[in-house]
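See below for upload.csv, which holds CSV, C-alpha atoms.
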```
chain,number,residue,atom,x,y,z
A,202,MET,CA,21.7,-28.1,7.4
A,203,THR,CA,21.7,-27.0,3.8
A,204,SER,CA,20.0,-23.8,2.8
A,205,VAL,CA,17.4,-23.8,0.1
A,206,PRO,CA,18.5,-21.5,-2.8
A,207,THR,CA,16.2,-18.6,-3.5
A,208,PRO,CA,14.6,-19.2,-6.9
A,209,ILE,CA,15.8,-16.7,-9.5
A,210,PRO,CA,12.9,-14.9,-11.1
A,211,SER,CA,12.4,-15.4,-14.8
A,212,ARG,CA,13.7,-12.7,-17.1
A,213,THR,CA,10.2,-11.7,-18.0
A,214,GLN,CA,9.3,-11.3,-14.3
A,215,TYR,CA,12.4,-9.3,-13.6
A,216,VAL,CA,11.8,-6.9,-16.5
A,217,LEU,CA,8.1,-6.6,-15.5
A,218,GLU,CA,8.9,-5.7,-11.9
A,219,GLU,CA,11.6,-3.2,-12.9
A,220,ILE,CA,9.4,-1.4,-15.3
A,221,LYS,CA,6.5,-1.4,-12.9
A,222,HIS,CA,8.7,0.0,-10.1
A,223,ARG,CA,10.0,2.8,-12.4
A,224,ILE,CA,6.5,3.7,-13.5
A,225,LEU,CA,5.1,3.8,-9.9
A,226,THR,CA,8.0,5.8,-8.5
A,227,GLY,CA,7.8,8.4,-11.3
A,228,GLN,CA,11.1,7.4,-13.0
A,229,LEU,CA,9.0,6.6,-16.1
A,230,ARG,CA,6.5,9.4,-16.7
A,231,PRO,CA,3.0,9.1,-18.2
A,232,GLY,CA,3.1,9.3,-21.9
A,233,GLN,CA,6.8,8.1,-22.1
A,234,ALA,CA,7.6,5.7,-24.8
A,235,LEU,CA,8.9,2.2,-24.0
A,236,VAL,CA,10.8,0.9,-27.0
A,237,GLU,CA,11.4,-2.8,-26.9
A,238,THR,CA,15.0,-2.7,-28.2
A,239,ASP,CA,15.9,0.1,-25.8
A,240,VAL,CA,14.4,-1.6,-22.8
A,241,ALA,CA,16.0,-4.9,-23.8
A,242,ALA,CA,19.5,-3.3,-24.0
A,243,GLN,CA,18.9,-1.5,-20.7
A,244,PHE,CA,18.2,-4.7,-18.8
A,245,GLY,CA,20.6,-6.9,-20.8
A,246,VAL,CA,17.9,-9.3,-22.1
A,247,SER,CA,16.4,-10.2,-25.5
A,248,LYS,CA,13.3,-8.5,-26.8
A,249,THR,CA,11.1,-11.5,-26.0
A,250,PRO,CA,10.9,-11.1,-22.2
A,251,VAL,CA,10.4,-7.3,-22.7
A,252,ARG,CA,7.5,-7.9,-25.1
A,253,GLU,CA,5.9,-10.4,-22.6
A,254,ALA,CA,6.4,-8.0,-19.7
A,255,LEU,CA,4.8,-5.1,-21.6
A,256,LYS,CA,1.8,-7.2,-22.6
A,257,THR,CA,1.3,-8.0,-18.9
A,258,LEU,CA,1.6,-4.3,-17.9
A,259,ALA,CA,-0.9,-3.4,-20.6
A,260,GLY,CA,-3.3,-5.9,-19.1
A,261,THR,CA,-3.0,-4.3,-15.7
A,262,GLY,CA,-3.5,-0.8,-17.2
A,263,LEU,CA,-0.1,0.6,-16.5
A,264,VAL,CA,1.0,0.9,-20.2
A,265,VAL,CA,-0.9,1.4,-23.4
A,266,MET,CA,-0.2,-0.5,-26.7
A,267,SER,CA,-1.0,1.4,-29.9
A,268,GLN,CA,-0.5,0.3,-33.5
A,269,TYR,CA,0.7,3.8,-34.3
A,270,LYS,CA,2.5,5.0,-31.1
A,271,GLY,CA,3.9,1.7,-29.9
A,272,VAL,CA,4.0,1.2,-26.1
A,273,THR,CA,3.7,4.2,-23.8
A,274,VAL,CA,3.2,4.7,-20.0
A,275,ARG,CA,-0.5,5.3,-19.5
A,276,MET,CA,-1.5,8.9,-19.2
A,277,VAL,CA,-3.3,9.9,-16.1
A,278,ASP,CA,-6.2,12.3,-16.3
A,279,ALA,CA,-9.4,13.0,-14.3
A,280,ASP,CA,-11.4,10.3,-16.2
A,281,MET,CA,-8.9,7.6,-15.4
A,282,ALA,CA,-8.7,8.8,-11.8
A,283,ARG,CA,-12.5,8.8,-11.5
A,284,GLU,CA,-12.8,5.2,-12.9
A,285,VAL,CA,-10.2,3.7,-10.7
A,286,TYR,CA,-11.2,5.5,-7.5
A,287,ASP,CA,-14.9,4.8,-8.1
A,288,VAL,CA,-14.1,1.1,-7.9
A,289,ARG,CA,-12.1,1.6,-4.7
A,290,LEU,CA,-14.8,3.7,-3.2
A,291,LEU,CA,-17.4,1.0,-3.9
A,292,LEU,CA,-15.4,-1.9,-2.7
A,293,GLU,CA,-12.6,-1.0,-0.3
A,294,PRO,CA,-14.6,0.5,2.6
A,295,GLU,CA,-16.9,-2.5,2.5
A,296,ALA,CA,-14.0,-4.9,2.5
A,297,LEU,CA,-12.5,-3.2,5.5
A,298,ARG,CA,-15.9,-3.3,7.3
A,299,ARG,CA,-15.9,-7.1,6.8
A,300,THR,CA,-12.3,-7.4,7.9
A,301,VAL,CA,-13.1,-5.6,11.2
A,302,HIS,CA,-16.3,-7.7,11.7
A,303,ARG,CA,-14.3,-10.9,11.3
A,304,ARG,CA,-11.8,-9.6,13.9
A,305,ALA,CA,-9.1,-10.5,11.5
A,306,SER,CA,-5.5,-9.7,12.4
A,307,LEU,CA,-4.3,-6.3,11.4
A,308,ASP,CA,-0.6,-6.9,12.3
A,309,VAL,CA,0.4,-6.6,8.6
A,310,ALA,CA,-1.3,-3.2,8.4
A,311,ARG,CA,0.3,-2.0,11.6
A,312,ASP,CA,3.7,-3.0,10.3
A,313,ALA,CA,3.2,-1.4,6.9
A,314,LEU,CA,2.2,1.9,8.7
A,315,ARG,CA,5.4,1.7,10.7
A,316,ARG,CA,7.5,1.1,7.6
A,317,ALA,CA,5.9,4.1,5.8
A,318,ALA,CA,6.7,6.4,8.7
A,319,THR,CA,10.4,5.3,8.7
A,320,ALA,CA,10.9,5.0,4.9
A,321,SER,CA,14.0,6.6,3.6
A,322,ASP,CA,12.5,7.7,0.2
A,323,THR,CA,9.2,8.2,-1.5
A,324,ALA,CA,9.5,4.9,-3.3
A,325,GLN,CA,9.6,2.9,-0.1
A,326,ARG,CA,6.9,5.1,1.5
A,327,SER,CA,4.6,4.5,-1.5
A,328,LEU,CA,5.2,0.8,-1.4
A,329,ALA,CA,4.4,0.6,2.3
A,330,ASN,CA,1.3,2.7,1.8
A,331,ARG,CA,0.1,0.2,-0.9
A,332,GLU,CA,0.7,-2.7,1.5
A,333,PHE,CA,-1.2,-0.9,4.2
A,334,HIS,CA,-4.3,-0.6,2.1
A,335,ARG,CA,-4.0,-4.2,0.9
A,336,ALA,CA,-3.6,-5.4,4.5
A,337,LEU,CA,-7.0,-3.8,5.3
A,338,TYR,CA,-9.0,-5.4,2.6
A,339,LEU,CA,-7.4,-8.8,2.0
A,340,PRO,CA,-8.6,-10.5,5.2
A,341,CYS,CA,-12.2,-9.5,4.4
A,342,GLY,CA,-13.2,-13.2,4.0
A,343,ASN,CA,-14.2,-12.8,0.3
A,344,PRO,CA,-11.2,-13.8,-1.9
A,345,LEU,CA,-13.0,-12.5,-5.0
A,346,LEU,CA,-13.5,-9.1,-3.4
A,347,GLY,CA,-9.8,-9.0,-2.6
A,348,LYS,CA,-8.8,-10.0,-6.1
A,349,MET,CA,-11.0,-7.3,-7.7
A,350,LEU,CA,-9.2,-4.7,-5.5
A,351,ASP,CA,-5.9,-6.2,-6.4
A,352,GLU,CA,-6.7,-5.7,-10.1
A,353,VAL,CA,-6.9,-1.9,-9.7
A,354,ARG,CA,-4.0,-1.5,-7.3
A,355,ASP,CA,-1.4,-0.7,-10.0
A,356,GLN,CA,-3.6,1.9,-11.7
A,357,ALA,CA,-4.5,3.5,-8.3
A,358,ALA,CA,-0.7,3.7,-7.6
A,359,LEU,CA,-0.1,5.3,-10.9
A,360,VAL,CA,-2.7,8.0,-10.1
A,361,SER,CA,-1.1,8.4,-6.7
A,362,ALA,CA,2.4,8.8,-8.1
A,363,VAL,CA,1.2,11.6,-10.5
A,364,ALA,CA,-0.7,13.3,-7.6
A,365,TRP,CA,2.2,13.1,-5.2
A,366,ALA,CA,4.6,14.5,-7.8
A,367,ALA,CA,2.3,17.6,-8.2
A,368,ASP,CA,1.4,18.0,-4.5
A,369,PRO,CA,3.2,15.8,-1.9
A,370,SER,CA,0.6,15.1,0.9
A,371,TRP,CA,2.4,12.3,2.8
A,372,ASP,CA,1.9,13.7,6.3
A,373,ARG,CA,-1.9,14.2,5.8
A,374,GLU,CA,-2.3,10.7,4.5
A,375,ALA,CA,-0.2,9.2,7.3
A,376,ALA,CA,-2.5,10.8,9.9
A,377,GLU,CA,-5.5,9.5,8.0
A,378,HIS,CA,-4.0,6.0,7.8
A,379,GLN,CA,-3.4,6.1,11.6
A,380,GLU,CA,-7.0,7.1,12.3
A,381,ILE,CA,-8.3,4.3,10.1
A,382,LEU,CA,-6.1,1.7,11.8
A,383,GLU,CA,-7.1,2.9,15.3
A,384,LEU,CA,-10.8,2.7,14.5
A,385,ALA,CA,-10.3,-0.8,13.0
A,386,LEU,CA,-8.3,-2.0,16.0
A,387,ALA,CA,-11.0,-0.7,18.3
A,388,GLY,CA,-13.5,-2.8,16.5
A,389,ASP,CA,-15.4,0.1,15.0
A,390,ALA,CA,-16.3,-1.4,11.6
A,391,GLN,CA,-18.5,1.4,10.5
A,392,GLY,CA,-16.2,4.2,11.7
A,393,ALA,CA,-13.2,2.6,10.1
A,394,SER,CA,-15.1,2.1,6.8
A,395,ARG,CA,-16.3,5.7,6.8
A,396,ALA,CA,-12.8,7.1,7.5
A,397,LEU,CA,-11.3,5.0,4.7
A,398,ARG,CA,-14.0,6.2,2.3
A,399,ASN,CA,-13.3,9.8,3.2
A,400,HIS,CA,-9.6,9.2,2.9
A,401,ILE,CA,-9.9,7.7,-0.6
A,402,ALA,CA,-12.4,10.3,-1.8
A,403,SER,CA,-10.5,13.3,-0.5
A,404,PHE,CA,-7.2,12.2,-2.0
A,405,VAL,CA,-8.5,11.9,-5.6
A,406,GLU,CA,-10.5,15.1,-5.2
A,407,ARG,CA,-7.5,17.1,-4.0
A,408,ALA,CA,-5.4,15.8,-6.9
A,409,PHE,CA,-8.1,16.1,-9.6
A,410,PRO,CA,-10.6,19.0,-8.8
A,411,GLU,CA,-12.7,17.9,-11.8
A,412,VAL,CA,-13.6,14.7,-9.9
A,413,ARG,CA,-15.0,16.8,-7.0
A,414,GLU,CA,-17.0,19.0,-9.4
A,415,ASP,CA,-18.4,15.9,-11.1
A,416,ARG,CA,-19.4,14.4,-7.7
A,417,GLU,CA,-21.1,17.6,-6.6
A,418,GLU,CA,-23.0,17.9,-9.8
A,419,LYS,CA,-24.3,14.3,-9.2
A,420,GLY,CA,-25.1,15.1,-5.6
A,421,GLU,CA,-22.4,12.7,-4.3
A,422,HIS,CA,-20.8,13.9,-1.1
A,423,HIS,CA,-18.5,12.2,1.5
A,424,SER,CA,-19.2,13.1,5.1
```
Is it possible to give me this structure as structure tokens?
Amino acid sequence: MTSVPTPIPSRTQYVLEEIKHRILTGQLRPGQALVETDVAAQFGVSKTPVREALKTLAGTGLVVMSQYKGVTVRMVDADMAREVYDVRLLLEPEALRRTVHRRASLDVARDALRRAATASDTAQRSLANREFHRALYLPCGNPLLGKMLDEVRDQAALVSAVAWAADPSWDREAAEHQEILELALAGDAQGASRALRNHIASFVERAFPEVREDREEKGEHHS
């Protein structure tokens, strides 16, 4: 029986994934310049796949292209955090509520939580946490809702990377993830949705106090 060879990713995809990984694990810091010639030399490719990868990353909001400054890793501030997390707060708890109502399998979420707990470094833990959240909303039964949340995943991860660098809160988040999963597995759609909303809101408010102040001014509170 002959084995099917694993397809080799294109150079553009390779460069894209490498740069994204380095941004989301903090190896490339917000505001850091990404010079095409330097990146090409670093990865042993021509400038063309680098240019295409950077365009894609600009489309997902991880880098910013400027006529004057060139390409830089996107800066993270309270305004960006507010925008990204507002979308998550509006959509993600509702998606989880639907996932629980559908009695969709949460095996992927359970496995992601296990991998987060046994991760050997922060990069692996961050990746497992991302997969945990995706495993909660993706089976919601509305592919468009899942796609919309997928579109803000990278920006949310960038906000998280900056927040974790300033104040690691892995243990607290792990406990909150466990609570959310237990409620979902018990079939408590409203409870799981509410716990997820509190989890998302409290994280961004801890990292960016300005967001909490803004919500309080508008009379928005999470219970």
Item to check | Point-to-point distance in Å for atom CA of Thr249 of chain A and atom CA of Ala357 of chain A | outcome: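 Those two atoms sit 28.0 Å apart.
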For a cutoff of 12 Å around the file-coordinate point (-10.2, 13.6, -17.0), which residues qualify once you count only C-alpha atoms? I'd like the result as a PDB file with C-alpha atoms, keeping the file's coordinate frame.
```pdb
ATOM      1  CA  MET A 276      -1.500   8.900 -19.200  1.00  0.00           C
ATOM      2  CA  VAL A 277      -3.300   9.900 -16.100  1.00  0.00           C
ATOM      3  CA  ASP A 278      -6.200  12.300 -16.300  1.00  0.00           C
ATOM      4  CA  ALA A 279      -9.400  13.000 -14.300  1.00  0.00           C
ATOM      5  CA  ASP A 280     -11.400  10.300 -16.200  1.00  0.00           C
ATOM      6  CA  MET A 281      -8.900   7.600 -15.400  1.00  0.00           C
ATOM      7  CA  ALA A 282      -8.700   8.800 -11.800  1.00  0.00           C
ATOM      8  CA  ARG A 283     -12.500   8.800 -11.500  1.00  0.00           C
ATOM      9  CA  GLU A 284     -12.800   5.200 -12.900  1.00  0.00           C
ATOM     10  CA  VAL A 285     -10.200   3.700 -10.700  1.00  0.00           C
ATOM     11  CA  VAL A 360      -2.700   8.000 -10.100  1.00  0.00           C
ATOM     12  CA  VAL A 405      -8.500  11.900  -5.600  1.00  0.00           C
ATOM     13  CA  GLU A 406     -10.500  15.100  -5.200  1.00  0.00           C
ATOM     14  CA  ALA A 408      -5.400  15.800  -6.900  1.00  0.00           C
ATOM     15  CA  PHE A 409      -8.100  16.100  -9.600  1.00  0.00           C
ATOM     16  CA  PRO A 410     -10.600  19.000  -8.800  1.00  0.00           C
ATOM     17  CA  GLU A 411     -12.700  17.900 -11.800  1.00  0.00           C
ATOM     18  CA  VAL A 412     -13.600  14.700  -9.900  1.00  0.00           C
ATOM     19  CA  ARG A 413     -15.000  16.800  -7.000  1.00  0.00           C
ATOM     20  CA  GLU A 414     -17.000  19.000  -9.400  1.00  0.00           C
ATOM     21  CA  ASP A 415     -18.400  15.900 -11.100  1.00  0.00           C
TER      22      ASP A 415
END
```
Next on the checklist: If we count only C-alpha atoms and set the cut-off at 8 Å, which residues sit around Arg311 of chain A, ignoring sequence neighbours fewer than 3 positions away in its own chain? Please answer as an NGL selection string.
Outcome noted: :A and (307-308 or 314-315 or 333 or 382)
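Proximity of A:Asp351, A:Asp389, A:Ala317, A:Gln228 to Ala376 of chain A, computed with only C-alpha atoms, is greatest for A:Ala317.
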Next on the checklist: So that I can see what lies close to segment 393-399 of chain A, please list as a list in words the residues with an atom at most 6 Å from it, counting all atoms listed in the file and leaving out residues fewer than 4 positions away in the same chain.
Outcome noted: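 Listing them by chain and then by number gives Pro294, Arg298, Ile381, Leu384, Ala385, Asp389, Ser403 and His423 of chain A.
Going from atom CA of Pro369 of chain A to atom CA of Arg326 of chain A covers 11.8 Å.
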Item to check | Minimum-distance residue to Asp372 of chain A, chosen among A:Gln233, A:Ala390, A:Ala318, A:Lys348 (using only C-alpha atoms) | outcome: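 Ranking A:Gln233, A:Ala390, A:Ala318, A:Lys348 by distance to Asp372 of chain A, first place goes to A:Ala318.
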Next on the checklist: I'd like the neighbourhood of segment 215-218 of chain A as a list in words, where a residue qualifies if any of its atoms comes within 8 Å (using only C-alpha atoms), though same-chain residues fewer than 2 positions away should be ignored.
Outcome noted: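 My reading of the contact set: Pro210, Ser211, Arg212, Thr213, Ile220, Lys221, His222, Phe244, Pro250, Val251, Ala254, Leu255, Thr257 and Leu258 of chain A.
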Checklist entry - atom CA of Asn330 of chain A and atom CA of Arg299 of chain A, how far apart in Å? => result 20.4 Å
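For the choices A:Val264, A:Ala234, A:Val246, A:Ala366, the atom-to-atom distance to Gln214 of chain A is smallest for A:Val246 when using only C-alpha atoms.
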For a cutoff of 9 Å around the file-coordinate point (-9.5, 1.8, -3.6), which residues qualify once you count all atoms listed in the file? I'd like the result as a JSON list (two decimals) with C-alpha atoms, in the coordinates of the input.
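To be explicit, this is the file written out as out-v1.json:
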```json
[["chain", "number", "residue", "atom", "x", "y", "z"],
["A", 285, "VAL", "CA", -10.20, 3.70, -10.70],
["A", 286, "TYR", "CA", -11.20, 5.50, -7.50],
["A", 287, "ASP", "CA", -14.90, 4.80, -8.10],
["A", 288, "VAL", "CA", -14.10, 1.10, -7.90],
["A", 289, "ARG", "CA", -12.10, 1.60, -4.70],
["A", 290, "LEU", "CA", -14.80, 3.70, -3.20],
["A", 291, "LEU", "CA", -17.40, 1.00, -3.90],
["A", 292, "LEU", "CA", -15.40, -1.90, -2.70],
["A", 293, "GLU", "CA", -12.60, -1.00, -0.30],
["A", 294, "PRO", "CA", -14.60, 0.50, 2.60],
["A", 334, "HIS", "CA", -4.30, -0.60, 2.10],
["A", 350, "LEU", "CA", -9.20, -4.70, -5.50],
["A", 353, "VAL", "CA", -6.90, -1.90, -9.70],
["A", 354, "ARG", "CA", -4.00, -1.50, -7.30],
["A", 357, "ALA", "CA", -4.50, 3.50, -8.30],
["A", 398, "ARG", "CA", -14.00, 6.20, 2.30],
["A", 401, "ILE", "CA", -9.90, 7.70, -0.60]]
```
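Minimum distance to Leu386 of chain A across A:Leu346, A:Leu263, A:Ala310, A:Leu229 (counting all atoms listed in the file) occurs at A:Ala310.
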Checklist entry - For Gln391 of chain A, which residue among A:Leu328, A:Ala242, A:Ala296, A:Val272 is the nearest when counting only C-alpha atoms? => result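 Ranked by minimum distance to Gln391 of chain A, first place goes to A:Ala296.
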